[in-house]
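**Q** My structure is in run.cif, and what it holds is mmCIF, C-alpha atoms:
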```
data_protein
loop_
_atom_site.label_atom_id
_atom_site.label_comp_id
_atom_site.auth_asym_id
_atom_site.auth_seq_id
_atom_site.Cartn_x
_atom_site.Cartn_y
_atom_site.Cartn_z
CA MET V 2 -2.84 15.47 -6.06
CA ASN V 3 -3.26 11.89 -4.84
CA ILE V 4 -2.29 10.48 -1.48
CA ILE V 5 -0.51 7.17 -2.07
CA LEU V 6 -0.28 4.61 0.73
CA ILE V 7 2.55 2.10 0.48
CA GLY V 8 3.71 -0.60 2.85
CA PHE V 9 3.64 -4.28 3.52
CA ARG V 10 0.43 -6.31 3.57
CA GLY V 11 -1.28 -5.80 6.93
CA THR V 12 -0.01 -2.30 7.71
CA GLY V 13 -3.50 -0.80 7.39
CA LYS V 14 -3.36 0.77 3.93
CA THR V 15 -6.96 -0.05 3.05
CA THR V 16 -8.44 0.71 6.47
CA ILE V 17 -6.53 3.96 6.97
CA GLY V 18 -7.06 4.86 3.32
CA LYS V 19 -10.84 4.67 3.76
CA ILE V 20 -10.64 6.85 6.88
CA LEU V 21 -8.54 9.41 5.00
CA ALA V 22 -10.93 9.38 2.04
CA GLN V 23 -13.88 10.07 4.30
CA ARG V 24 -12.16 12.82 6.29
CA LEU V 25 -10.63 14.53 3.26
CA ASP V 26 -13.66 14.00 1.02
CA LYS V 27 -11.65 12.17 -1.63
CA GLY V 28 -12.29 8.97 -3.51
CA PHE V 29 -10.57 5.80 -2.30
CA ILE V 30 -9.09 3.07 -4.49
CA ASP V 31 -7.42 -0.12 -3.33
CA ALA V 32 -5.09 -0.94 -6.23
CA ASP V 33 -5.18 -4.69 -5.57
CA GLU V 34 -8.99 -4.77 -5.48
CA TYR V 35 -9.14 -2.64 -8.62
CA LEU V 36 -6.70 -5.01 -10.35
CA GLU V 37 -8.77 -8.05 -9.38
CA GLN V 38 -11.99 -6.44 -10.60
CA LYS V 39 -10.42 -5.43 -13.88
CA GLN V 40 -8.84 -8.87 -14.44
CA GLY V 41 -11.87 -10.81 -13.20
CA LYS V 42 -9.71 -13.03 -10.99
CA THR V 43 -7.84 -12.97 -7.71
CA ILE V 44 -4.19 -12.11 -7.36
CA LYS V 45 -3.62 -15.68 -6.22
CA ASP V 46 -5.15 -16.91 -9.52
CA ILE V 47 -2.96 -14.55 -11.54
CA PHE V 48 0.13 -15.86 -9.74
CA ALA V 49 -0.99 -19.44 -10.43
CA GLU V 50 -1.37 -18.66 -14.15
CA GLY V 51 1.77 -16.65 -14.81
CA GLY V 52 3.73 -16.21 -11.62
CA GLU V 53 4.92 -13.02 -10.04
CA LYS V 54 6.29 -11.72 -13.35
CA LEU V 55 2.83 -11.63 -14.94
CA PHE V 56 1.29 -10.13 -11.84
CA ARG V 57 3.90 -7.33 -11.64
CA GLU V 58 3.32 -6.49 -15.33
CA ILE V 59 -0.42 -6.22 -14.78
CA GLU V 60 0.14 -4.26 -11.57
CA ALA V 61 2.39 -1.75 -13.39
CA GLY V 62 -0.38 -1.06 -15.92
CA ILE V 63 -2.93 -0.61 -13.14
CA ILE V 64 -0.67 1.79 -11.23
CA GLU V 65 -0.03 3.83 -14.37
CA GLU V 66 -3.79 4.01 -14.97
CA LEU V 67 -4.64 4.97 -11.38
CA CYS V 68 -2.00 7.67 -11.28
CA LEU V 69 -3.75 9.47 -14.13
CA LEU V 70 -6.58 10.13 -11.69
CA ASP V 71 -6.52 13.08 -9.33
CA ASP V 72 -7.65 13.83 -5.82
CA ARG V 73 -7.74 10.18 -4.69
CA ILE V 74 -6.44 8.11 -1.84
CA ILE V 75 -4.72 5.10 -3.42
CA ALA V 76 -3.67 2.06 -1.40
CA THR V 77 -1.05 0.17 -3.37
CA GLY V 78 -0.13 -3.48 -3.16
CA GLY V 79 2.80 -4.26 -0.89
CA GLY V 80 5.19 -4.89 -3.78
CA ALA V 81 4.23 -1.93 -5.94
CA ILE V 82 7.50 -0.17 -5.11
CA LEU V 83 9.58 -3.03 -6.51
CA ARG V 84 9.48 -1.50 -10.00
CA GLU V 85 11.01 1.90 -10.56
CA GLU V 86 8.42 2.65 -13.26
CA ASN V 87 5.70 2.30 -10.59
CA VAL V 88 7.51 4.69 -8.28
CA ARG V 89 7.81 7.25 -11.09
CA SER V 90 4.09 6.92 -11.84
CA LEU V 91 3.15 7.26 -8.17
CA ARG V 92 5.34 10.37 -7.74
CA LYS V 93 3.93 12.20 -10.79
CA ASN V 94 0.76 13.25 -9.03
CA GLY V 95 1.03 12.00 -5.49
CA ILE V 96 2.49 12.24 -2.06
CA ILE V 97 3.72 8.88 -0.85
CA ILE V 98 3.00 7.75 2.71
CA PHE V 99 4.75 4.61 4.01
CA LEU V 100 2.74 2.71 6.61
CA ASP V 101 5.19 0.58 8.56
CA ALA V 102 4.84 -2.11 11.23
CA ASP V 103 7.03 -4.75 12.81
CA VAL V 104 7.06 -8.40 11.77
CA ASN V 105 5.13 -9.65 14.83
CA THR V 106 2.30 -7.16 14.29
CA LEU V 107 2.07 -7.95 10.57
CA TYR V 108 2.05 -11.68 11.22
CA LYS V 109 -0.82 -11.35 13.71
CA ARG V 110 -2.83 -9.08 11.43
CA ILE V 111 -2.35 -11.20 8.33
CA ARG V 112 -3.26 -14.42 10.16
CA LYS V 113 -6.52 -12.83 11.36
CA ASP V 114 -7.48 -11.74 7.83
CA ALA V 115 -9.14 -14.70 6.09
CA GLN V 116 -9.46 -12.74 2.84
CA THR V 117 -5.69 -12.31 2.66
CA GLN V 118 -5.16 -16.03 2.91
CA GLN V 119 -7.77 -16.76 0.22
CA LYS V 120 -6.76 -14.09 -2.29
CA ARG V 121 -3.03 -13.53 -1.79
CA PRO V 122 -0.32 -16.03 -2.69
CA ASN V 123 2.79 -16.87 -0.73
CA LEU V 124 5.73 -15.16 -2.38
CA THR V 125 8.45 -17.47 -1.06
CA ASN V 126 8.85 -21.08 0.06
CA ARG V 127 9.18 -19.95 3.67
CA GLY V 128 6.66 -20.22 6.45
CA ALA V 129 4.31 -17.25 6.96
CA TYR V 130 6.34 -15.53 9.69
CA GLU V 131 9.66 -16.11 7.94
CA GLU V 132 8.24 -14.84 4.65
CA ILE V 133 7.12 -11.59 6.25
CA GLU V 134 10.48 -11.21 7.97
CA TYR V 135 12.40 -11.89 4.75
CA LEU V 136 10.31 -9.70 2.45
CA LEU V 137 10.07 -6.83 4.93
CA ALA V 138 13.85 -6.80 5.36
CA TYR V 139 14.20 -6.52 1.59
CA ARG V 140 11.38 -4.04 0.99
CA ARG V 141 11.69 -1.69 3.98
CA PRO V 142 14.67 0.23 2.50
CA LEU V 143 12.70 0.61 -0.74
CA TYR V 144 9.63 1.90 1.12
CA ASP V 145 11.82 4.33 3.09
CA ARG V 146 13.55 5.56 -0.06
CA VAL V 147 10.36 6.52 -1.88
CA ALA V 148 8.28 7.77 1.06
CA ASP V 149 7.55 11.41 1.70
CA PHE V 150 6.29 10.49 5.17
CA VAL V 151 6.63 7.36 7.32
CA ILE V 152 4.23 6.33 10.05
CA ASN V 153 4.42 3.21 12.20
CA THR V 154 0.96 1.72 12.55
CA ALA V 155 1.90 -1.19 14.83
CA GLN V 156 0.65 0.25 18.12
CA MET V 157 -1.23 3.25 16.78
CA PRO V 158 -5.02 3.33 16.50
CA LYS V 159 -6.08 3.74 12.88
CA ASN V 160 -7.81 7.07 13.52
CA ASP V 161 -4.65 8.45 15.12
CA ALA V 162 -2.60 7.32 12.12
CA ALA V 163 -5.07 9.06 9.80
CA ASN V 164 -4.82 12.22 11.93
CA LYS V 165 -1.02 12.22 11.70
CA ILE V 166 -1.14 11.77 7.93
CA ILE V 167 -3.65 14.61 7.57
CA ALA V 168 -1.48 16.84 9.76
CA PHE V 169 1.56 16.04 7.62
CA ILE V 170 -0.31 16.81 4.42
CA HIS V 171 -1.63 20.09 5.75
CA CYS V 172 1.75 21.21 7.11
CA HIS V 173 4.19 19.97 4.51
CA VAL V 174 2.24 19.70 1.32
CA MET V 175 -0.32 22.46 1.50
CA ASP V 176 2.08 24.86 3.24
CA LEU V 177 -0.39 25.70 5.98
CA LYS V 178 0.81 27.07 9.29
CA CYS V 179 1.82 24.27 11.62
CA GLN V 180 2.27 24.32 15.35
#
```
Using structure tokens, write down the structure from this file.
**A**
Amino acid sequence: MNIILIGFRGTGKTTIGKILAQRLDKGFIDADEYLEQKQGKTIKDIFAEGGEKLFREIEAGIIEELCLLDDRIIATGGGAILREENVRSLRKNGIIIFLDADVNTLYKRIRKDAQTQQKRPNLTNRGAYEEIEYLLAYRRPLYDRVADFVINTAQMPKNDAANKIIAFIHCHVMDLKCQ
């Protein structure tokens, strides 16, 4: 079984995913990084070549491929849940954890991450804050719908978030005794 981390850019999927992988002795895969390595170009370059449609098609193939693996922590791209085929693939062999955060927190985190600005395209014509607000309003119900567990990472230290996810997995997935 895989542990799948979903959520908007900046919620901590990669950072918390690496903590989980270390603590649970599982392999970690960042789906966006894997996609870029496999394609030999950044997501921003893929968008420039073929727009979001091309990117989402490539992403769907990557998700299908990654979901054939077992015993991994997989951090998905923020829009992976936009396609129902991706959700079906993720559910086949995984428990889905939604990492959530408010718009202000995401804006601050994304602005601090130079790599995000270099490798990730804008998805709308809006300013950065407005784009996050707009996309999060649209995506949050989708994240909630597919999640087996939701955790707000806005004010929570990453190690505490990892601990809560591990506790959830032990209690609700592995049917261990919980207090």
**Q** I need the residue nearest Glu53 (chain V) from this list: V:Ala138, V:Gln38, V:Cys172, V:Gly80. Use only C-alpha atoms for the distance.
**A**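 Checking each of V:Ala138, V:Gln38, V:Cys172, V:Gly80 against Glu53 (chain V), counting only C-alpha atoms, the winner is V:Gly80.
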**Q** Would you mind reading off the distance between CA of Ile98 (chain V) and CA of Ile59 (chain V), one decimal, in Å?
**A**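 These two atoms are separated by 22.6 Å.
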**Q** Would you write out, as number ranges by chain, every residue that the PyMOL selection byres ((chain V and resi 6-22) around 9) captures in this file?
**A** V: 4-5, 23-31, 73-82, 96-102, 106-111, 114, 117, 133, 136-137, 140-141, 144, 148, 153-155, 159-160, 162-164, 166-167
**Q** What residues have an atom no more than 12 Å from (6.9, 1.9, -11.2) in the file's own frame, counting only C-alpha atoms, and can you write them as a compact mmCIF listing (two decimals) with C-alpha atoms, in the coordinates of the input?
**A**
```
# COMPACT_ATOMS: atom_id res chain seq x y z
CA ARG V 57 3.90 -7.33 -11.64
CA GLU V 58 3.32 -6.49 -15.33
CA ILE V 59 -0.42 -6.22 -14.78
CA GLU V 60 0.14 -4.26 -11.57
CA ALA V 61 2.39 -1.75 -13.39
CA GLY V 62 -0.38 -1.06 -15.92
CA ILE V 63 -2.93 -0.61 -13.14
CA ILE V 64 -0.67 1.79 -11.23
CA GLU V 65 -0.03 3.83 -14.37
CA GLU V 66 -3.79 4.01 -14.97
CA LEU V 67 -4.64 4.97 -11.38
CA CYS V 68 -2.00 7.67 -11.28
CA THR V 77 -1.05 0.17 -3.37
CA GLY V 78 -0.13 -3.48 -3.16
CA GLY V 80 5.19 -4.89 -3.78
CA ALA V 81 4.23 -1.93 -5.94
CA ILE V 82 7.50 -0.17 -5.11
CA LEU V 83 9.58 -3.03 -6.51
CA ARG V 84 9.48 -1.50 -10.00
CA GLU V 85 11.01 1.90 -10.56
CA GLU V 86 8.42 2.65 -13.26
CA ASN V 87 5.70 2.30 -10.59
CA VAL V 88 7.51 4.69 -8.28
CA ARG V 89 7.81 7.25 -11.09
CA SER V 90 4.09 6.92 -11.84
CA LEU V 91 3.15 7.26 -8.17
CA ARG V 92 5.34 10.37 -7.74
CA LYS V 93 3.93 12.20 -10.79
CA VAL V 147 10.36 6.52 -1.88
```
**Q** Can you work out the spacing between CA of Gln40 (chain V) and CA of Leu143 (chain V) in Å, to one decimal?
**A**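 Between CA of Gln40 (chain V) and CA of Leu143 (chain V) the gap works out to 27.2 Å.
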**Q** Run the PyMOL selection byres ((chain V and resi 2) around 7) against the file shown and list the residues it catches, as a list of chain:residue names.
**A** V:Asn3, V:Ile4, V:Asp71, V:Asp72, V:Asn94, V:Gly95
**Q** Using only C-alpha atoms, which of V:Leu55, V:Met157, V:Leu70, V:Ala129 sits nearest Arg112 (chain V)?
**A**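 Checking each candidate against Arg112 (chain V), we get V:Ala129 as the closest.
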**Q** Just give me the gap between CA of Val104 (chain V) and CA of Pro158 (chain V) in Å, one decimal is fine.
**A**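 CA of Pro158 (chain V) lies at a distance of 17.5 Å from CA of Val104 (chain V).
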